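Engineer: One structure follows; several queries about it will come next.
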Amino acid sequence: MLLSSTTILNALPALDEISRERLPVRVALPIAQIRRRLKTEAESIEQVRESLVESHAMRDPAGAMVPAVDKQGEPLPGSVRVADADAFNRDLNELLSHQHDVTAPLIDPADLDALSLKPETLEALLFLFREVSPSIATAALDHADGTLARTEAMPVRVGG
């Protein structure tokens with residue numbers, strides 16, 4: 001199946017969350033398999049992100065990356081200034097929307113019925129379900145306006 005980088009980055013914390021639960025083997029094994037595969041993809045995404053930071057970072061005369069600063073002018077640990085924010089954002093958005101071909105075992109959502117999961121956890125894992133039952137789809141809805149709740153991409157630090 002094709003998964004965007006954003007989907008992969010959003011799915012990992014959700015997979016980590018349900019991996020801590022006691023699950024039947026028929027569910028635990030596919031969860032462990034997809035988690036391992038997505039971690040490998042996430043490592044590749046992080047390597048490309050780091051190279052984007054390196055290539056877009058503002059440099060001082062000595063060639064060192066210039067740290068980002070807060071409103072008081074204090075350096076933000078682990079963050080750097082970028083020379084061209086629009087170009088960096090364009091490249092970062094391209095990275096986050098990149099499609100990865102991932103072989104993922106599908107699971108029956110009924111196998112997770114015994115778990116108490118947050119709607120955003122379910123939404124992040126919808127791609128893993130063989131069939132989304134109406135009860136699962138309803139649980140993933142934002143009850144305020146009837147649309148799917150949006151999860152943001154993992155925060156992407158501008159520093160290593």
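Simple scheme: letters A, B, ... for chains in structure tokens order, numbers from 1 for residues in each chain, numbers from 1 for ligands in the order shown.
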Show me, as a tab-separated table, the residues of segment 81-142 of chain A having an atom within 12 Å of segment 51-68 of chain A, each with the closest atom pair and its distance in Å, using only C-alpha atoms.

Structural biologist:
```
residue	atom	partner	partner_atom	distance
A:Arg81	CA	A:Ala68	CA	4.6
A:Val82	CA	A:Ala57	CA	4.3
A:Ala83	CA	A:Met58	CA	4.5
A:Asp84	CA	A:His56	CA	6.8
A:Ala85	CA	A:His56	CA	8.2
A:Asp86	CA	A:His56	CA	10.2
A:Ala87	CA	A:His56	CA	7.9
A:Phe88	CA	A:His56	CA	6.1
A:Asn89	CA	A:Leu52	CA	9.8
A:Arg90	CA	A:Leu52	CA	10.6
A:Asp91	CA	A:Leu52	CA	7.4
A:Leu92	CA	A:Leu52	CA	7.5
A:Asn93	CA	A:Leu52	CA	11.2
A:Glu94	CA	A:Leu52	CA	11.0
A:Leu95	CA	A:Leu52	CA	9.4
```

Engineer: Could you make a table, as a Markdown table, of the residues of segment 69-119 of chain A that have an atom within 10 Å of an atom of segment 15-22 of chain A, each with its nearest atom pair and distance in Å to one decimal, counting only C-alpha atoms, in chain and number order?

Structural biologist:
```
| residue | atom | partner | partner_atom | distance |
| --- | --- | --- | --- | --- |
| A:Leu112 | CA | A:Ile18 | CA | 8.9 |
| A:Ala114 | CA | A:Arg22 | CA | 9.8 |
| A:Leu115 | CA | A:Glu21 | CA | 7.9 |
| A:Ser116 | CA | A:Ile18 | CA | 9.6 |
| A:Leu117 | CA | A:Ile18 | CA | 8.2 |
```

Engineer: Using DSSP secondary structure from the backbone, list all strand (DSSP E) positions within segment 32-78 of chain A, as a list of chain:residue names.

Structural biologist: A:Pro67, A:Ala68, A:Val69, A:Pro75, A:Leu76, A:Pro77, A:Gly78

Engineer: Limited to N, CA and C atoms, could you put the picked residues into a file as a CSV table (one decimal), in the first residue's frame?

Structural biologist:
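Saved as out.csv:
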```csv
chain,number,residue,atom,x,y,z
A,67,PRO,N,22.0,29.4,14.8
A,67,PRO,CA,20.9,28.9,15.5
A,67,PRO,C,19.7,29.8,15.4
A,68,ALA,N,18.5,29.2,15.5
A,68,ALA,CA,17.3,30.0,15.6
A,68,ALA,C,17.2,30.6,17.0
A,69,VAL,N,16.5,31.7,17.1
A,69,VAL,CA,16.4,32.4,18.4
A,69,VAL,C,15.0,32.7,18.7
A,75,PRO,N,19.1,31.7,21.9
A,75,PRO,CA,19.1,30.6,21.0
A,75,PRO,C,18.2,29.5,21.4
A,76,LEU,N,17.5,28.9,20.4
A,76,LEU,CA,16.6,27.7,20.6
A,76,LEU,C,17.4,26.4,20.4
A,77,PRO,N,17.6,25.7,21.5
A,77,PRO,CA,18.5,24.5,21.4
A,77,PRO,C,17.9,23.5,20.3
A,78,GLY,N,18.9,23.0,19.5
A,78,GLY,CA,18.5,22.1,18.5
A,78,GLY,C,17.8,22.6,17.3
```

Engineer: Which is closest to Pro13 of chain A among A:Glu43, A:Asp70, A:Glu120, A:Glu50, if we use only C-alpha atoms?

Structural biologist: A:Glu120
